[in-house]
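What follows is a short report on a single structure.
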Amino acid sequence: MRKHQILQPEDDPPRAENSKIVFMANEPQSKFEEGNRPKIQDIIPRKDRKGSLLAKIMGPHVPAPLEKDTQSSFLRSLPFGRSGNKKTEKIIRLKKHAVSDVVLPIPEAVSLKKKTPDIPQKSVSQKALLREVRERVGVAAAAETVSRPPSRSSRRLMILAGSACVVVIVFLLSFIFVRATISLEPSFATLSLEGVRVEAADKVKETDVAGKKIPAVLLEVPGSVKREFSASAKERVSRKATGVVRVYNAFNASSQTLIAETRFEDPSGRVFRSKQRVVVPGAKIQNGKIVPSSVTVAVEAVQAGEEFNIGPSRFTIPGFAGTPKFNGFYAESSDAFTGGFVGEAFVVKQSDIDAASEEVTAALFTQLKEELERKIPSGLTAIQGAREVTVTALRKPNAGEARERFTVEADGKASAMLFRMDDLFSLLEELTLAPDSGKKISQEKSRFEFDRIVLSPETRVLSFDIQGSLAAFSVLIPEEFERVLSGKKRADAENILRADSRIRAFGIKFFPFWRNTIPADDTKIRIFVQE
């Protein structure tokens with residue numbers, strides 16, 4: 001906040017510490033009565049509406065200074081321009097000076113009845129008084145920055161500039177940025193369908209109207225599910241150990257047939273028998289040396305018990321004992337033999353197998369359906385009934401096998417014939433609409449169902465019937481309406497659109513809102529067709 005600059009004229013007493021500054025409101029000027037020499041008491045640091053500095057002129061009877069909050073009531077009670085024993089004071093404008101925060105000293109208190117000795121008892125003209133005020137103010141103005149209010153010419157220029165901006169904006173909105181937006185809703189007609197038989201096949205490359213055929217694609221998705229289950233019952237069981245051995249022919253180049261139940265003996269004397277007949281190919285002779293040939297065969301222990309659960313071993317064939325073939329034919333196992341057991345153990349019942357197979361199959365169906373749905377390409381459709389899930393293999397244990405836990409595994413594939421709805425509606429348009437009708441079928445508003453659906457993945461053909469109704473709408477070309485409506489007034493444009501039987505409803509909007517004529521420039525006309 002700026003500090004007050006105190007001016008100390010020689011004819012004025014110093015200002016008391018507890019004196020207050022009286023801020024006066026502007027009042028109309030009047031003549032000073034003779035015999036009352038006014039005195040400049042204060043330069044008020046407030047400005048009237050015109051920006052002039054105000055000065056307080058006190059008469060011979062100077063009142064005590066007022067508090068700031070009582071100045072308004074005090075001013076209303078002053079009898080300005082009167083004479084007598086009552087006080088007289090005047091507020092004048094200092095038109096050519098604009099000084100902020102200028103304060104002159106005010107006496108601490110002056111009696112209302114006491115005469116001011118330094119005021120001569122003669123008339124003073126208002127011009128002389130204004131001259132003295134300007135001289136007093138000039139001293140303060142030298143120490144302050146002078147700021148002048150805007151002149152009338154400056155305000156006039158500002159008003160003219162603002163008016164010009166408004167005119168330019170109105171011109172741009174009315175002629176440059178003007179546009180019209182027209183929305184059109186075509187009329188619709190309902191067509192019924194009764195048992196139209198359609199065939200979709202992957203061998204069809206384009207729509208065949210005469211044969212009522214459309215292109216299609218066969219999608220196949222494979223999958224498998226494997227789960228483990230627990231046997232539900234225990235029984236007294238006796239199981240034989242089983243395994244696989246590889247039989248070698250290091251004897252000669254001739255093949256050797258081994259019948260089923262051929263015995264194989266390990267070094268500890270434990271004997272196993274083959275489960276099927278095998279033929280061991282002849283050995284090869286390379287660089288005069290015999291290179292053995294081999295074949296695998298499944299074997300089973302001759303007795304039940306855990307002692308036959310042996311690890312990898314070498315076997316001889318007791319049937320060749322005493323002949324040259326005994327050393328030329330032998331067998332080896334690379335994996336341990338398992339399954340040998342005698343005692344009480346869990347047994348897989350047929351009910352366990354059936355329940356496990358049903359669960360695995362259901363899980364396979366769900367998995368394949370979800371996988372098929374995810375792999376349908378965008379733009380193609382697979383209708384309900386045109387999908388098929390097939391179980392190709394089911395691996396499960398035999399009933400009565402002694403095991404605490406068992407597994408069931410199922411393999412399968414999902415198949416679906418996919419086609420484009422655009423191809424189907426194109427076929428229906430050709431079957432139900434005349435070529436020059438000027439109408440098309442709306443996919444969103446048509447309502448029909450598929451019936452008698454037959455899918456044949458082997459022949460890759462899908463057949464179905466269509467029952468329901470089709471919604472045919474008039475084709476509206478925006479360019480045609482741009483030419484017709486260009487330059488028309490709102491009323492004329494509405495009459496043209498209302499008379500067109502192809503239009504069910506319409507709407508016209510202008511920018512700016514006060515425009516009422518469609519622009520003649522086609523680029524400023526926007527037409528939207530709503531199906």
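So you can find residues: chains in the structure tokens are A, B, ... in the order shown, residues in each start at 1, and ligands are numbered from 1 in order.
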Task: Test item: residues at most 8 Å from Thr207 of chain A, only C-alpha atoms, excluding those fewer than 4 positions along its chain, as an MDAnalysis selection string - done: chainID A and resid 212:215 423 427
Output file for the selection above: N, CA, C and O atoms, as a PDB file, in the first residue's frame:
ATOM      1  N   LYS A 212     -30.047 -71.597 -55.132  1.00  0.00           N
ATOM      2  CA  LYS A 212     -30.208 -71.180 -53.734  1.00  0.00           C
ATOM      3  C   LYS A 212     -29.031 -71.682 -52.882  1.00  0.00           C
ATOM      4  O   LYS A 212     -29.196 -72.255 -51.809  1.00  0.00           O
ATOM      5  N   LYS A 213     -27.813 -71.377 -53.369  1.00  0.00           N
ATOM      6  CA  LYS A 213     -26.604 -71.800 -52.683  1.00  0.00           C
ATOM      7  C   LYS A 213     -25.727 -70.587 -52.388  1.00  0.00           C
ATOM      8  O   LYS A 213     -25.684 -69.633 -53.169  1.00  0.00           O
ATOM      9  N   ILE A 214     -25.035 -70.654 -51.266  1.00  0.00           N
ATOM     10  CA  ILE A 214     -24.108 -69.590 -50.875  1.00  0.00           C
ATOM     11  C   ILE A 214     -22.782 -70.220 -50.464  1.00  0.00           C
ATOM     12  O   ILE A 214     -22.730 -71.383 -50.048  1.00  0.00           O
ATOM     13  N   PRO A 215     -21.669 -69.463 -50.542  1.00  0.00           N
ATOM     14  CA  PRO A 215     -20.363 -70.018 -50.133  1.00  0.00           C
ATOM     15  C   PRO A 215     -20.315 -70.262 -48.625  1.00  0.00           C
ATOM     16  O   PRO A 215     -20.962 -69.577 -47.838  1.00  0.00           O
ATOM     17  N   ASP A 423     -23.891 -62.671 -47.669  1.00  0.00           N
ATOM     18  CA  ASP A 423     -24.201 -63.547 -48.802  1.00  0.00           C
ATOM     19  C   ASP A 423     -25.629 -64.069 -48.704  1.00  0.00           C
ATOM     20  O   ASP A 423     -26.338 -64.164 -49.720  1.00  0.00           O
ATOM     21  N   LEU A 427     -28.693 -63.217 -51.343  1.00  0.00           N
ATOM     22  CA  LEU A 427     -29.522 -64.237 -51.987  1.00  0.00           C
ATOM     23  C   LEU A 427     -31.015 -63.952 -51.765  1.00  0.00           C
ATOM     24  O   LEU A 427     -31.826 -64.053 -52.699  1.00  0.00           O
TER      25      LEU A 427
END
TODO: Determine which residues of segment 351-446 of chain A receive a DSSP assignment of strand (DSSP E or B), computed from the backbone, and state them as a VMD selection string.
DONE: chain A and resid 381 387 to 395 402 405 to 419 439 to 446
Residues from last step as file, N, CA, C and O atoms, as a compact mmCIF listing (two decimals), in the first residue's frame:
# COMPACT_ATOMS: atom_id res chain seq x y z
N THR A 381 -20.48 -66.49 -39.73
CA THR A 381 -21.51 -66.87 -38.77
C THR A 381 -21.65 -68.38 -38.74
O THR A 381 -21.62 -69.04 -39.79
N ARG A 387 -23.26 -76.91 -35.86
CA ARG A 387 -22.02 -77.29 -35.18
C ARG A 387 -22.13 -78.72 -34.69
O ARG A 387 -23.20 -79.18 -34.32
N GLU A 388 -21.00 -79.40 -34.69
CA GLU A 388 -20.99 -80.80 -34.29
C GLU A 388 -19.71 -81.11 -33.54
O GLU A 388 -18.62 -80.71 -33.96
N VAL A 389 -19.83 -81.83 -32.41
CA VAL A 389 -18.68 -82.26 -31.61
C VAL A 389 -18.66 -83.78 -31.61
O VAL A 389 -19.66 -84.43 -31.29
N THR A 390 -17.50 -84.35 -31.95
CA THR A 390 -17.37 -85.81 -32.07
C THR A 390 -16.20 -86.28 -31.21
O THR A 390 -15.12 -85.67 -31.21
N VAL A 391 -16.43 -87.38 -30.46
CA VAL A 391 -15.37 -88.03 -29.69
C VAL A 391 -14.72 -89.08 -30.59
O VAL A 391 -15.38 -90.04 -31.00
N THR A 392 -13.46 -88.90 -30.89
CA THR A 392 -12.77 -89.81 -31.81
C THR A 392 -12.07 -90.96 -31.09
O THR A 392 -11.83 -92.01 -31.69
N ALA A 393 -11.71 -90.81 -29.81
CA ALA A 393 -11.03 -91.88 -29.06
C ALA A 393 -11.30 -91.70 -27.58
O ALA A 393 -11.38 -90.58 -27.09
N LEU A 394 -11.41 -92.87 -26.88
CA LEU A 394 -11.62 -92.85 -25.43
C LEU A 394 -10.75 -93.95 -24.82
O LEU A 394 -10.99 -95.15 -25.05
N ARG A 395 -9.74 -93.55 -24.07
CA ARG A 395 -8.82 -94.51 -23.46
C ARG A 395 -9.15 -94.62 -21.96
O ARG A 395 -9.12 -93.62 -21.24
N ALA A 402 -6.58 -104.17 -10.79
CA ALA A 402 -6.23 -103.82 -9.41
C ALA A 402 -5.33 -102.60 -9.43
O ALA A 402 -4.13 -102.70 -9.72
N ARG A 405 -5.57 -95.78 -8.37
CA ARG A 405 -5.97 -94.64 -9.20
C ARG A 405 -5.85 -95.03 -10.66
O ARG A 405 -4.99 -95.85 -11.04
N PHE A 406 -6.70 -94.47 -11.47
CA PHE A 406 -6.70 -94.77 -12.90
C PHE A 406 -7.02 -93.49 -13.67
O PHE A 406 -7.54 -92.51 -13.12
N THR A 407 -6.69 -93.46 -14.94
CA THR A 407 -6.90 -92.30 -15.81
C THR A 407 -7.82 -92.66 -16.96
O THR A 407 -7.83 -93.80 -17.44
N VAL A 408 -8.57 -91.65 -17.40
CA VAL A 408 -9.42 -91.75 -18.59
C VAL A 408 -9.09 -90.56 -19.48
O VAL A 408 -9.07 -89.42 -19.02
N GLU A 409 -8.85 -90.82 -20.75
CA GLU A 409 -8.48 -89.77 -21.71
C GLU A 409 -9.37 -89.87 -22.94
O GLU A 409 -9.61 -90.96 -23.47
N ALA A 410 -9.86 -88.68 -23.39
CA ALA A 410 -10.74 -88.63 -24.56
C ALA A 410 -10.20 -87.65 -25.57
O ALA A 410 -9.74 -86.56 -25.22
N ASP A 411 -10.26 -88.04 -26.86
CA ASP A 411 -9.89 -87.16 -27.98
C ASP A 411 -11.13 -86.89 -28.81
O ASP A 411 -12.04 -87.74 -28.90
N GLY A 412 -11.17 -85.70 -29.42
CA GLY A 412 -12.33 -85.37 -30.25
C GLY A 412 -12.06 -84.16 -31.12
O GLY A 412 -10.96 -83.60 -31.13
N LYS A 413 -13.10 -83.74 -31.84
CA LYS A 413 -13.00 -82.56 -32.69
C LYS A 413 -14.37 -81.91 -32.81
O LYS A 413 -15.41 -82.57 -32.70
N ALA A 414 -14.36 -80.59 -33.00
CA ALA A 414 -15.59 -79.82 -33.20
C ALA A 414 -15.59 -79.30 -34.63
O ALA A 414 -14.56 -78.82 -35.13
N SER A 415 -16.75 -79.39 -35.29
CA SER A 415 -16.88 -78.96 -36.68
C SER A 415 -18.03 -77.97 -36.80
O SER A 415 -19.04 -78.07 -36.08
N ALA A 416 -17.89 -77.00 -37.70
CA ALA A 416 -18.94 -76.01 -37.93
C ALA A 416 -18.82 -75.49 -39.35
O ALA A 416 -17.72 -75.27 -39.85
N MET A 417 -19.99 -75.30 -40.00
CA MET A 417 -20.03 -74.68 -41.32
C MET A 417 -20.30 -73.19 -41.13
O MET A 417 -21.28 -72.78 -40.51
N LEU A 418 -19.40 -72.36 -41.64
CA LEU A 418 -19.48 -70.91 -41.48
C LEU A 418 -19.82 -70.26 -42.81
O LEU A 418 -19.30 -70.67 -43.86
N PHE A 419 -20.67 -69.24 -42.75
CA PHE A 419 -21.01 -68.48 -43.96
C PHE A 419 -21.20 -67.01 -43.58
O PHE A 419 -21.34 -66.66 -42.40
N LYS A 439 -35.03 -50.90 -53.53
CA LYS A 439 -35.09 -51.28 -52.12
C LYS A 439 -33.99 -52.28 -51.80
O LYS A 439 -33.44 -52.94 -52.69
N LYS A 440 -33.70 -52.36 -50.50
CA LYS A 440 -32.75 -53.34 -49.98
C LYS A 440 -33.32 -53.95 -48.71
O LYS A 440 -34.25 -53.41 -48.11
N ILE A 441 -32.72 -55.10 -48.31
CA ILE A 441 -33.17 -55.79 -47.11
C ILE A 441 -32.34 -55.32 -45.92
O ILE A 441 -31.11 -55.28 -45.99
N SER A 442 -33.00 -54.97 -44.83
CA SER A 442 -32.32 -54.57 -43.60
C SER A 442 -32.07 -55.80 -42.74
O SER A 442 -33.01 -56.49 -42.34
N GLN A 443 -30.79 -56.07 -42.45
CA GLN A 443 -30.46 -57.22 -41.60
C GLN A 443 -30.93 -57.00 -40.17
O GLN A 443 -31.38 -57.93 -39.51
N GLU A 444 -30.81 -55.75 -39.67
CA GLU A 444 -31.15 -55.49 -38.27
C GLU A 444 -32.65 -55.62 -38.02
O GLU A 444 -33.05 -56.08 -36.94
N LYS A 445 -33.49 -55.25 -38.97
CA LYS A 445 -34.93 -55.24 -38.73
C LYS A 445 -35.65 -56.46 -39.29
O LYS A 445 -36.86 -56.59 -39.10
N SER A 446 -34.94 -57.34 -39.95
CA SER A 446 -35.55 -58.59 -40.44
C SER A 446 -35.62 -59.60 -39.30
O SER A 446 -34.72 -59.67 -38.46
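Here atom CA of Arg420 of chain A stands at a distance of 18.3 Å from atom CA of Gln467 of chain A.
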TODO: Using only C-alpha atoms, find the one residue out of A:Pro512, A:Gly223, A:Gly243, A:Pro397 that sits nearest to Asn309 of chain A.
DONE: A:Gly243
- [ ] Extract, using only C-alpha atoms, all DNA, RNA and protein residues at most 6 Å from segment 180-188 of chain A, discarding same-chain residues fewer than 6 positions from it, and format them as a VMD selection string.
- [x] chain A and resid 472 to 474 502 to 510 518 525 to 530
- [ ] Skip Arg239 of chain A itself and residues of its chain fewer than 4 positions away, then list as a list of chain:residue names all residues within 8 Å of it, counting only C-alpha atoms.
- [x] A:Ala304, A:Gly305, A:Gly339, A:Gly340, A:Phe341, A:Val342, A:Ala402
I need the chosen residues saved as a compact mmCIF listing (two decimals), in the first residue's frame, with N, CA and C atoms.
# COMPACT_ATOMS: atom_id res chain seq x y z
N ALA A 304 2.09 -114.68 -10.14
CA ALA A 304 1.76 -113.40 -9.52
C ALA A 304 2.69 -113.15 -8.35
N GLY A 305 2.90 -111.90 -8.07
CA GLY A 305 3.72 -111.57 -6.92
C GLY A 305 4.62 -110.39 -7.20
N GLY A 339 3.45 -104.23 -11.71
CA GLY A 339 2.12 -104.84 -11.62
C GLY A 339 2.05 -106.11 -10.81
N GLY A 340 3.17 -106.71 -10.49
CA GLY A 340 3.12 -107.95 -9.72
C GLY A 340 2.64 -107.69 -8.29
N PHE A 341 1.58 -108.42 -7.85
CA PHE A 341 1.03 -108.19 -6.52
C PHE A 341 0.13 -109.35 -6.12
N VAL A 342 0.16 -109.69 -4.83
CA VAL A 342 -0.75 -110.69 -4.27
C VAL A 342 -1.23 -110.14 -2.92
N ALA A 402 -6.58 -104.17 -10.79
CA ALA A 402 -6.23 -103.82 -9.41
C ALA A 402 -5.33 -102.60 -9.43
- [ ] Go ahead and compute the interatomic distance for atom CA of Val178 of chain A and atom CA of Arg515 of chain A, in Å to one decimal.
- [x] 7.9 Å
